[in-house]
>>> print(open('structure.cif').read())   # mmCIF, C-alpha atoms
data_data
#
loop_
_atom_site.label_atom_id
_atom_site.label_comp_id
_atom_site.auth_asym_id
_atom_site.auth_seq_id
_atom_site.Cartn_x
_atom_site.Cartn_y
_atom_site.Cartn_z
CA MET A 1 108.11 -77.07 -36.07
CA ALA A 2 107.66 -73.32 -35.69
CA LYS A 3 110.27 -71.58 -33.60
CA GLN A 4 108.87 -70.28 -30.36
CA SER A 5 108.77 -66.51 -30.11
CA HIS A 6 107.40 -63.82 -27.87
CA LEU A 7 104.31 -63.56 -30.06
CA TYR A 8 101.34 -65.88 -30.40
CA GLY A 9 98.40 -66.07 -32.74
CA PRO A 10 96.72 -64.09 -34.11
CA VAL A 11 94.01 -65.68 -31.99
CA PRO A 12 90.26 -65.08 -32.22
CA SER A 13 89.41 -62.81 -29.33
CA ARG A 14 85.86 -62.43 -28.07
CA ARG A 15 86.55 -58.71 -27.68
CA LEU A 16 89.20 -57.69 -30.19
CA GLY A 17 88.85 -59.72 -33.39
CA TYR A 18 92.03 -61.44 -34.58
CA SER A 19 94.51 -60.41 -31.92
CA LEU A 20 98.29 -60.79 -32.16
CA GLY A 21 99.43 -61.61 -28.65
CA VAL A 22 102.67 -60.24 -27.19
CA ASP A 23 104.12 -62.18 -24.26
CA LEU A 24 107.00 -60.46 -22.46
CA LEU A 25 107.39 -62.91 -19.59
CA PRO A 26 108.60 -66.37 -18.62
CA PHE A 27 105.84 -68.88 -17.91
CA LYS A 28 103.50 -67.77 -15.09
CA THR A 29 105.46 -64.72 -13.98
CA CYS A 30 102.85 -62.72 -12.15
CA SER A 31 101.95 -60.59 -9.16
CA MET A 32 99.03 -62.91 -8.43
CA ASP A 33 98.34 -66.64 -8.42
CA CYS A 34 94.63 -66.55 -9.20
CA LEU A 35 92.42 -69.45 -8.23
CA TYR A 36 90.98 -69.59 -11.75
CA CYS A 37 94.23 -69.13 -13.70
CA GLN A 38 94.31 -71.18 -16.90
CA LEU A 39 98.12 -71.49 -16.64
CA GLY A 40 97.95 -73.66 -13.56
CA ASP A 41 98.84 -73.38 -9.90
CA GLY A 42 101.87 -72.30 -7.90
CA ALA A 43 103.26 -69.07 -9.32
CA LYS A 44 106.01 -67.36 -7.33
CA THR A 45 104.37 -63.97 -7.13
CA THR A 46 106.47 -60.87 -7.65
CA VAL A 47 105.94 -57.12 -7.96
CA ARG A 48 109.49 -56.42 -9.18
CA ARG A 49 109.75 -55.14 -12.74
CA LYS A 50 112.42 -56.82 -14.85
CA SER A 51 113.49 -56.80 -18.51
CA PHE A 52 112.83 -60.47 -19.20
CA VAL A 53 113.25 -60.02 -22.97
CA PRO A 54 114.95 -57.22 -24.98
CA VAL A 55 112.58 -54.65 -26.48
CA LYS A 56 114.44 -54.85 -29.82
CA THR A 57 113.81 -58.60 -30.03
CA VAL A 58 110.07 -58.18 -29.59
CA LEU A 59 109.90 -55.32 -32.09
CA ALA A 60 111.77 -57.37 -34.70
CA GLU A 61 109.24 -60.18 -34.31
CA ILE A 62 106.31 -57.76 -34.62
CA ASP A 63 107.85 -56.17 -37.73
CA LYS A 64 108.07 -59.62 -39.33
CA VAL A 65 104.39 -60.34 -38.72
CA LEU A 66 103.30 -56.92 -39.98
CA ARG A 67 105.27 -57.45 -43.20
CA SER A 68 103.86 -60.96 -43.72
CA GLY A 69 100.33 -59.89 -44.57
CA THR A 70 98.84 -62.00 -41.80
CA GLN A 71 95.36 -60.81 -40.81
CA VAL A 72 95.67 -58.88 -37.56
CA ASP A 73 92.98 -56.65 -36.01
CA ALA A 74 94.79 -55.69 -32.82
CA ILE A 75 98.06 -56.14 -30.94
CA THR A 76 97.55 -57.25 -27.36
CA PHE A 77 99.98 -57.48 -24.45
CA SER A 78 98.99 -60.54 -22.44
CA GLY A 79 100.30 -64.10 -22.24
CA SER A 80 102.16 -65.93 -19.47
CA GLY A 81 101.72 -63.43 -16.65
CA GLU A 82 101.35 -59.74 -15.80
CA PRO A 83 102.73 -57.63 -18.71
CA THR A 84 103.32 -54.50 -16.62
CA LEU A 85 106.15 -56.38 -14.86
CA HIS A 86 108.29 -55.57 -17.92
CA PRO A 87 109.71 -52.02 -17.60
CA GLY A 88 109.95 -51.69 -21.39
CA LEU A 89 106.19 -51.91 -21.86
CA GLY A 90 105.67 -48.19 -22.46
CA ARG A 91 108.48 -48.00 -25.01
CA LEU A 92 107.14 -51.06 -26.81
CA ILE A 93 103.65 -49.61 -27.08
CA ARG A 94 104.95 -46.32 -28.45
CA GLU A 95 107.24 -48.06 -30.97
CA ILE A 96 104.42 -50.30 -32.19
CA LYS A 97 102.16 -47.29 -32.69
CA ARG A 98 104.85 -45.70 -34.87
CA ARG A 99 104.78 -48.79 -37.07
CA THR A 100 101.06 -49.42 -37.48
CA SER A 101 97.62 -47.92 -36.98
CA LEU A 102 96.36 -51.13 -35.40
CA PRO A 103 94.99 -50.62 -31.89
CA VAL A 104 97.31 -51.63 -29.07
CA ILE A 105 95.68 -53.24 -26.05
CA VAL A 106 97.05 -54.07 -22.60
CA LEU A 107 95.43 -56.79 -20.50
CA THR A 108 96.48 -56.29 -16.89
CA ASN A 109 95.48 -57.53 -13.45
CA SER A 110 95.75 -53.87 -12.33
CA SER A 111 98.22 -54.65 -9.53
CA LEU A 112 101.03 -52.31 -10.63
CA LEU A 113 98.77 -49.39 -11.56
CA THR A 114 99.45 -48.23 -8.01
CA ARG A 115 102.72 -46.82 -9.43
CA PRO A 116 102.82 -43.55 -11.43
CA SER A 117 105.53 -44.95 -13.75
CA VAL A 118 103.38 -47.95 -14.67
CA ARG A 119 100.30 -45.76 -15.19
CA LYS A 120 102.36 -43.65 -17.61
CA ASP A 121 103.52 -46.75 -19.52
CA VAL A 122 100.05 -48.24 -19.84
CA ALA A 123 98.50 -44.89 -20.81
CA ALA A 124 100.27 -45.17 -24.19
CA ALA A 125 97.84 -47.96 -25.22
CA ASP A 126 94.57 -47.45 -27.11
CA ILE A 127 92.54 -49.78 -24.90
CA VAL A 128 93.33 -51.03 -21.41
CA VAL A 129 91.55 -54.07 -20.02
CA PRO A 130 92.27 -54.10 -16.27
CA SER A 131 90.86 -56.69 -13.91
CA LEU A 132 89.03 -56.21 -10.64
CA ASP A 133 87.58 -59.45 -9.32
CA ALA A 134 87.00 -58.52 -5.69
CA VAL A 135 86.75 -55.42 -3.54
CA ARG A 136 86.53 -56.93 -0.07
CA GLU A 137 90.04 -57.84 1.10
CA ARG A 138 89.22 -61.32 2.34
CA VAL A 139 87.65 -62.31 -0.95
CA PHE A 140 90.44 -60.60 -2.93
CA LYS A 141 93.07 -62.69 -1.15
CA LYS A 142 91.09 -65.88 -1.61
CA ILE A 143 90.35 -65.53 -5.31
CA ASN A 144 93.46 -63.68 -6.56
CA ARG A 145 96.06 -65.03 -4.09
CA PRO A 146 98.19 -61.87 -4.52
CA HIS A 147 101.75 -60.93 -3.59
CA PRO A 148 101.80 -59.80 0.07
CA ALA A 149 102.45 -56.19 -0.97
CA LEU A 150 99.10 -55.94 -2.76
CA SER A 151 95.65 -55.01 -1.49
CA ALA A 152 92.26 -54.57 -3.12
CA ALA A 153 92.03 -51.03 -1.75
CA GLY A 154 95.41 -50.13 -3.25
CA ILE A 155 94.47 -51.58 -6.64
CA ILE A 156 91.20 -49.64 -6.71
CA ALA A 157 93.06 -46.42 -5.81
CA GLY A 158 95.48 -47.13 -8.68
CA LEU A 159 92.61 -47.62 -11.12
CA VAL A 160 90.98 -44.38 -9.99
CA ALA A 161 94.28 -42.52 -10.46
CA PHE A 162 94.76 -44.12 -13.88
CA ARG A 163 91.34 -43.02 -15.07
CA LYS A 164 92.24 -39.41 -14.24
CA ILE A 165 95.23 -39.38 -16.63
CA TYR A 166 94.07 -41.81 -19.32
CA ARG A 167 92.13 -40.63 -22.36
CA GLY A 168 91.70 -44.03 -24.01
CA ARG A 169 89.11 -46.70 -23.37
CA ILE A 170 89.01 -48.73 -20.16
CA TRP A 171 87.20 -52.05 -20.31
CA LEU A 172 87.12 -53.29 -16.73
CA GLU A 173 86.98 -57.07 -16.57
CA VAL A 174 85.41 -58.91 -13.66
CA LEU A 175 85.83 -62.68 -13.54
CA LEU A 176 83.15 -64.25 -11.41
CA VAL A 177 83.65 -67.51 -9.52
CA LYS A 178 80.55 -69.17 -8.14
CA GLY A 179 80.27 -68.89 -4.38
CA LEU A 180 83.29 -66.59 -4.01
CA ASN A 181 82.78 -63.11 -5.46
CA ASP A 182 79.16 -63.31 -6.59
CA ARG A 183 77.54 -62.78 -3.19
CA PRO A 184 75.30 -59.70 -2.74
CA ALA A 185 77.80 -57.96 -0.43
CA ASP A 186 80.60 -58.46 -2.95
CA LEU A 187 78.51 -57.18 -5.83
CA ARG A 188 77.42 -54.10 -3.88
CA ALA A 189 81.05 -53.30 -3.04
CA LEU A 190 82.04 -53.89 -6.66
CA LYS A 191 79.34 -51.52 -7.93
CA LYS A 192 80.62 -48.76 -5.64
CA ALA A 193 84.19 -49.30 -6.83
CA ILE A 194 83.09 -49.20 -10.48
CA ALA A 195 81.42 -45.83 -9.86
CA ARG A 196 84.78 -44.51 -8.61
CA ILE A 197 86.84 -46.00 -11.45
CA ARG A 198 84.48 -44.84 -14.24
CA PRO A 199 85.38 -47.45 -16.90
CA ASP A 200 83.88 -47.24 -20.38
CA ARG A 201 82.69 -50.84 -20.12
CA VAL A 202 82.40 -53.49 -17.44
CA GLN A 203 82.96 -56.90 -18.98
CA LEU A 204 81.75 -59.93 -17.08
CA ASN A 205 83.60 -63.20 -17.49
CA THR A 206 83.62 -66.53 -15.68
CA VAL A 207 85.64 -69.75 -15.53
CA VAL A 208 85.68 -71.09 -19.12
CA ARG A 209 89.04 -72.93 -19.26
CA PRO A 210 90.56 -75.50 -16.89
CA PRO A 211 91.40 -73.51 -13.73
CA ALA A 212 94.40 -73.72 -11.41
CA ASP A 213 92.09 -74.93 -8.64
CA SER A 214 89.31 -77.34 -9.58
CA SER A 215 87.07 -75.75 -6.94
CA ALA A 216 86.77 -72.62 -9.12
CA ARG A 217 83.35 -73.01 -10.72
CA PRO A 218 81.67 -70.84 -13.36
CA LEU A 219 78.46 -68.88 -13.11
CA GLY A 220 75.71 -69.98 -15.46
CA PRO A 221 74.16 -67.67 -18.10
CA LYS A 222 71.18 -66.74 -15.90
CA ASP A 223 73.39 -65.80 -12.96
CA LEU A 224 75.66 -63.76 -15.20
CA GLU A 225 72.64 -61.95 -16.58
CA LYS A 226 71.49 -61.08 -13.05
CA VAL A 227 74.90 -59.61 -12.24
CA ARG A 228 74.87 -57.65 -15.49
CA GLY A 229 71.50 -56.18 -14.65
CA PHE A 230 72.61 -55.23 -11.14
CA LEU A 231 75.80 -53.49 -12.31
CA GLY A 232 73.97 -51.37 -14.85
CA GLU A 233 74.13 -50.22 -18.44
CA LYS A 234 77.93 -50.31 -18.80
CA ALA A 235 78.04 -53.99 -17.91
CA GLU A 236 78.10 -56.67 -20.57
CA ILE A 237 78.68 -60.40 -20.71
CA ILE A 238 81.62 -61.09 -23.00
CA ALA A 239 80.19 -62.59 -26.17
CA LYS A 240 81.64 -65.52 -28.03
CA PHE A 241 83.80 -64.81 -31.08
CA LYS A 242 81.65 -64.59 -34.21
CA LYS A 243 83.91 -63.09 -36.84
CA ILE A 244 84.48 -65.24 -39.93
CA GLY A 245 87.83 -65.18 -41.66
CA ARG A 246 90.99 -67.00 -42.52
CA ILE A 247 94.54 -66.61 -41.31
CA SER A 248 97.21 -67.04 -43.97
CA GLY A 249 100.34 -69.12 -43.60
CA THR A 250 98.95 -72.31 -42.04
CA ALA A 251 101.29 -74.75 -43.77
CA ASP A 252 103.03 -75.72 -40.55
CA ILE A 253 99.90 -76.61 -38.61
CA PRO A 254 101.67 -78.79 -36.00
CA GLY A 255 104.10 -75.98 -35.13
CA ARG A 256 101.37 -73.38 -34.96
CA VAL A 257 99.18 -75.62 -32.81
CA LEU A 258 102.07 -76.03 -30.37
CA ASP A 259 102.73 -72.29 -30.33
CA PHE A 260 99.04 -71.66 -29.72
CA VAL A 261 98.44 -74.07 -26.85
CA ARG A 262 101.67 -73.34 -25.01
CA ARG A 263 100.10 -69.99 -24.03
CA ARG A 264 96.84 -71.42 -22.70
CA PRO A 265 94.71 -74.58 -22.88
CA GLU A 266 92.34 -74.47 -25.84
CA THR A 267 89.80 -76.53 -27.77
CA VAL A 268 90.18 -77.89 -31.31
CA GLU A 269 87.42 -75.57 -32.52
CA ARG A 270 89.07 -72.42 -31.19
CA ILE A 271 92.49 -73.45 -32.51
CA ALA A 272 90.95 -74.07 -35.93
CA GLU A 273 89.34 -70.61 -35.90
CA ALA A 274 92.67 -69.01 -35.10
CA LEU A 275 94.65 -70.88 -37.75
CA GLY A 276 92.07 -70.73 -40.51
CA ALA A 277 92.10 -74.52 -40.70
CA THR A 278 89.28 -77.03 -40.46
CA PRO A 279 88.48 -78.62 -37.09
CA GLU A 280 89.11 -81.99 -38.73
CA ALA A 281 92.65 -81.02 -39.75
CA VAL A 282 93.46 -79.53 -36.34
CA GLY A 283 91.91 -82.51 -34.57
CA GLY A 284 94.14 -84.87 -36.54
CA VAL A 285 97.22 -82.81 -35.69
CA CYS A 286 96.28 -82.73 -32.00
CA ARG A 287 95.84 -86.50 -31.94
CA GLN A 288 99.26 -86.99 -33.54
CA LEU A 289 100.97 -84.52 -31.18
CA LYS A 290 99.31 -86.23 -28.24
CA LYS A 291 100.53 -89.62 -29.49
CA GLU A 292 104.06 -88.19 -29.69
CA GLY A 293 103.79 -86.95 -26.11
CA MET A 294 104.05 -83.27 -27.02
CA ILE A 295 100.59 -82.26 -25.84
CA ARG A 296 97.90 -83.73 -23.63
CA SER A 297 94.16 -83.37 -23.36
CA VAL A 298 92.29 -82.10 -20.31
CA VAL A 299 88.53 -82.38 -19.85
CA HIS A 300 86.90 -79.37 -18.19
CA ARG A 301 83.13 -79.29 -17.71
CA GLY A 302 82.57 -81.71 -20.58
CA ARG A 303 84.86 -79.94 -23.08
CA VAL A 304 88.24 -81.21 -24.25
CA PHE A 305 91.15 -78.75 -24.04
CA PHE A 306 94.72 -79.29 -25.23
CA GLU A 307 97.90 -78.01 -23.59
CA THR A 308 101.59 -78.70 -24.10
CA ALA A 309 103.17 -81.54 -22.17
CA THR A 310 105.69 -79.05 -20.73
CA ASP A 311 102.94 -76.82 -19.36
CA ALA A 312 101.07 -79.85 -18.07
CA ALA A 313 104.15 -80.78 -16.03
CA LYS A 314 104.38 -77.22 -14.70
CA ARG A 315 100.71 -77.30 -13.71
CA GLU A 316 101.17 -80.60 -11.85
CA ASN A 317 104.60 -79.85 -10.38
CA PRO A 318 104.77 -76.11 -9.68
CA PRO A 319 108.13 -74.69 -8.55
CA SER A 320 108.76 -75.01 -4.84
#
>>> encode(input="structure.cif", output="structure tokens")
Amino acid sequence: MAKQSHLYGPVPSRRLGYSLGVDLLPFKTCSMDCLYCQLGDGAKTTVRRKSFVPVKTVLAEIDKVLRSGTQVDAITFSGSGEPTLHPGLGRLIREIKRRTSLPVIVLTNSSLLTRPSVRKDVAAADIVVPSLDAVRERVFKKINRPHPALSAAGIIAGLVAFRKIYRGRIWLEVLLVKGLNDRPADLRALKKAIARIRPDRVQLNTVVRPPADSSARPLGPKDLEKVRGFLGEKAEIIAKFKKIGRISGTADIPGRVLDFVRRRPETVERIAEALGATPEAVGGVCRQLKKEGMIRSVVHRGRVFFETATDAAKRENPPS
């Protein structure tokens, strides 16, 4: 089996092509415990930055992938929680950019952009994909379940301040949950906040993987299209991945499947795209791993997702 590392993929991203993920955190270490989170329920939220993994360790792993010839279109900080909780993020971004011309992306829930030091760290990236799901405080608390120190107003102020110093691209992501943040009053407030933040794009997403709370329901295509039209020309619905290609080094399919699904639940088809293998081959591996008790299947809105047995236990028995 493949040794677990602080990297995952490359995975087919709907926005970034084949993206090499960088995960700096222990499982579900975050400043929020979002209702829709694909990693499950019950995170102990924190806003304290901590060096969970040495910067040199992560750089050594990235160097190995870059030397291997594996197809990579982008390097993305994401994974098991909020990447800005690692104080070495800025140094990592700068070191990666010395090693490669690949774009470096940070996916963030925006919570720590209230701090000048974090804004400086994140500003080293080529593209920043911050989230803003709700502007009204009551809805923000219900959908994002944040650390008590956080507020929607503070996060918006942080995003506005970040835009003033950042010369790269900001793709603001809004994840819509039916009946929660898609009401007219919420969308009007969101549109006003977007005008203040001035992102390059506004990317609309919805619940597509098994959520932490089963009450989190997705918007349908027609409803998403209405929201897109209301928010204006910068808004777009995130398209499905269409790029065709193959990832080299797929000999150890069982190990790579495990490494892939331990980050997030995923379907056989998406795993096959990422590994450059056939769905039939990946499906056979998933069935065998399930038989061995290493992964389990979860049905969400008629689609079968796989996740590791360890993560399944964490989802069902969150830390007290």
>>> residues_around(input="structure.cif", residues="range 182-199 of chain A", least_positions_apart="6", cutoff="8 Å", atoms="only C-alpha atoms", output="MDAnalysis selection string")
chainID A and resid 134:136 156 159:160 163 169:172 176 227 231
>>> residues_around(input="structure.cif", residues="range 205-220 of chain A", least_positions_apart="6", cutoff="10 Å", atoms="all atoms listed in the file", output="NGL selection string")
:A and (33-42 or 133 or 143 or 173-180 or 182 or 227 or 236-239 or 264-267 or 298-301 or 303-305 or 315-316)
>>> residues_around(input="structure.cif", residues="Ala272 in chain A", least_positions_apart="6", cutoff="10 Å", atoms="only C-alpha atoms", output="PyMOL selection string")
chain A and resi 11-12+246-247+253+257+278-283
>>> atom_distance(input="structure.cif", atom1="CA of Cys286 in chain A", atom2="CA of Pro254 in chain A")
7.8 Å
>>> atom_distance(input="structure.cif", atom1="CA of Pro26 in chain A", atom2="CA of Phe52 in chain A")
7.3 Å
>>> closest_residue(input="structure.cif", among="A:Ile62, A:Arg263, A:Ser111, A:Val72", to="Pro148 in chain A", atoms="only C-alpha atoms")
A:Ser111
>>> resolve_selection(input="structure.cif", expression="the PyMOL selection byres ((chain A and resi 4-9) around 6)", output="PyMOL selection string")
chain A and resi 3+10-11+20-23
>>> atom_distance(input="structure.cif", atom1="CA of Gln71 in chain A", atom2="CA of Glu307 in chain A")
24.5 Å
>>> closest_residue(input="structure.cif", among="A:Val104, A:Val261, A:Val55, A:Ala161", to="Ile295 in chain A", atoms="all atoms listed in the file")
A:Val261
>>> closest_residue(input="structure.cif", among="A:Pro103, A:Gly158, A:Gly284, A:Gly168", to="Pro116 in chain A", atoms="only C-alpha atoms")
A:Gly158
>>> residues_around(input="structure.cif", residues="Ala123 in chain A", least_positions_apart="5", cutoff="10 Å", atoms="only C-alpha atoms", output="VMD selection string")
chain A and resid 90 93 106 117 to 118 128 162 to 163 165 to 169
>>> closest_residue(input="structure.cif", among="A:Gln203, A:Tyr18, A:Leu275, A:Asp259", to="Met294 in chain A", atoms="all atoms listed in the file")
A:Asp259
>>> resolve_selection(input="structure.cif", expression="the PyMOL selection byres ((chain A and resi 107) around 9)", output="ChimeraX atom specification")
/A:76-79,82-83,105-106,108-110,127-131
>>> decode(input="structure.cif", residues="range 45-95 of chain A", atoms="C-alpha atoms", output="PDB file, in the first residue's frame")
ATOM      1  CA  THR A  45     -13.192  24.418  15.902  1.00  0.00           C
ATOM      2  CA  THR A  46     -10.069  26.474  16.450  1.00  0.00           C
ATOM      3  CA  VAL A  47      -8.610  29.776  15.252  1.00  0.00           C
ATOM      4  CA  ARG A  48      -5.143  29.098  16.689  1.00  0.00           C
ATOM      5  CA  ARG A  49      -2.374  28.688  14.118  1.00  0.00           C
ATOM      6  CA  LYS A  50      -0.064  25.745  14.719  1.00  0.00           C
ATOM      7  CA  SER A  51       2.756  24.001  12.830  1.00  0.00           C
ATOM      8  CA  PHE A  52       1.073  20.620  12.497  1.00  0.00           C
ATOM      9  CA  VAL A  53       3.690  19.360  10.021  1.00  0.00           C
ATOM     10  CA  PRO A  54       7.248  20.623   9.293  1.00  0.00           C
ATOM     11  CA  VAL A  55       7.577  22.782   6.187  1.00  0.00           C
ATOM     12  CA  LYS A  56      10.674  20.809   5.099  1.00  0.00           C
ATOM     13  CA  THR A  57       8.700  17.555   5.142  1.00  0.00           C
ATOM     14  CA  VAL A  58       6.027  18.932   2.841  1.00  0.00           C
ATOM     15  CA  LEU A  59       8.586  20.458   0.467  1.00  0.00           C
ATOM     16  CA  ALA A  60      10.460  17.147   0.219  1.00  0.00           C
ATOM     17  CA  GLU A  61       7.236  15.385  -0.766  1.00  0.00           C
ATOM     18  CA  ILE A  62       6.445  18.037  -3.381  1.00  0.00           C
ATOM     19  CA  ASP A  63       9.969  17.805  -4.812  1.00  0.00           C
ATOM     20  CA  LYS A  64       9.511  14.054  -5.228  1.00  0.00           C
ATOM     21  CA  VAL A  65       6.281  14.487  -7.182  1.00  0.00           C
ATOM     22  CA  LEU A  66       7.743  17.219  -9.386  1.00  0.00           C
ATOM     23  CA  ARG A  67      10.698  14.974 -10.252  1.00  0.00           C
ATOM     24  CA  SER A  68       8.468  11.979 -11.004  1.00  0.00           C
ATOM     25  CA  GLY A  69       6.958  13.349 -14.197  1.00  0.00           C
ATOM     26  CA  THR A  70       3.424  12.964 -12.890  1.00  0.00           C
ATOM     27  CA  GLN A  71       0.960  15.197 -14.755  1.00  0.00           C
ATOM     28  CA  VAL A  72       0.192  18.185 -12.547  1.00  0.00           C
ATOM     29  CA  ASP A  73      -1.579  21.384 -13.650  1.00  0.00           C
ATOM     30  CA  ALA A  74      -1.694  23.165 -10.298  1.00  0.00           C
ATOM     31  CA  ILE A  75      -0.677  22.816  -6.658  1.00  0.00           C
ATOM     32  CA  THR A  76      -3.547  23.441  -4.269  1.00  0.00           C
ATOM     33  CA  PHE A  77      -3.605  23.913  -0.503  1.00  0.00           C
ATOM     34  CA  SER A  78      -6.779  22.273   0.757  1.00  0.00           C
ATOM     35  CA  GLY A  79      -7.548  18.923   2.378  1.00  0.00           C
ATOM     36  CA  SER A  80      -8.621  18.053   5.922  1.00  0.00           C
ATOM     37  CA  GLY A  81      -9.424  21.527   7.221  1.00  0.00           C
ATOM     38  CA  GLU A  82      -8.534  25.218   6.965  1.00  0.00           C
ATOM     39  CA  PRO A  83      -4.995  25.563   5.481  1.00  0.00           C
ATOM     40  CA  THR A  84      -4.384  29.059   6.866  1.00  0.00           C
ATOM     41  CA  LEU A  85      -4.242  27.510  10.357  1.00  0.00           C
ATOM     42  CA  HIS A  86      -0.660  26.482   9.501  1.00  0.00           C
ATOM     43  CA  PRO A  87       1.719  29.428  10.118  1.00  0.00           C
ATOM     44  CA  GLY A  88       4.172  28.093   7.520  1.00  0.00           C
ATOM     45  CA  LEU A  89       1.720  28.529   4.657  1.00  0.00           C
ATOM     46  CA  GLY A  90       3.335  31.686   3.264  1.00  0.00           C
ATOM     47  CA  ARG A  91       6.816  30.170   3.335  1.00  0.00           C
ATOM     48  CA  LEU A  92       5.552  27.014   1.644  1.00  0.00           C
ATOM     49  CA  ILE A  93       3.915  28.952  -1.169  1.00  0.00           C
ATOM     50  CA  ARG A  94       7.051  31.001  -1.801  1.00  0.00           C
ATOM     51  CA  GLU A  95       9.300  27.916  -1.747  1.00  0.00           C
TER      52      GLU A  95
END
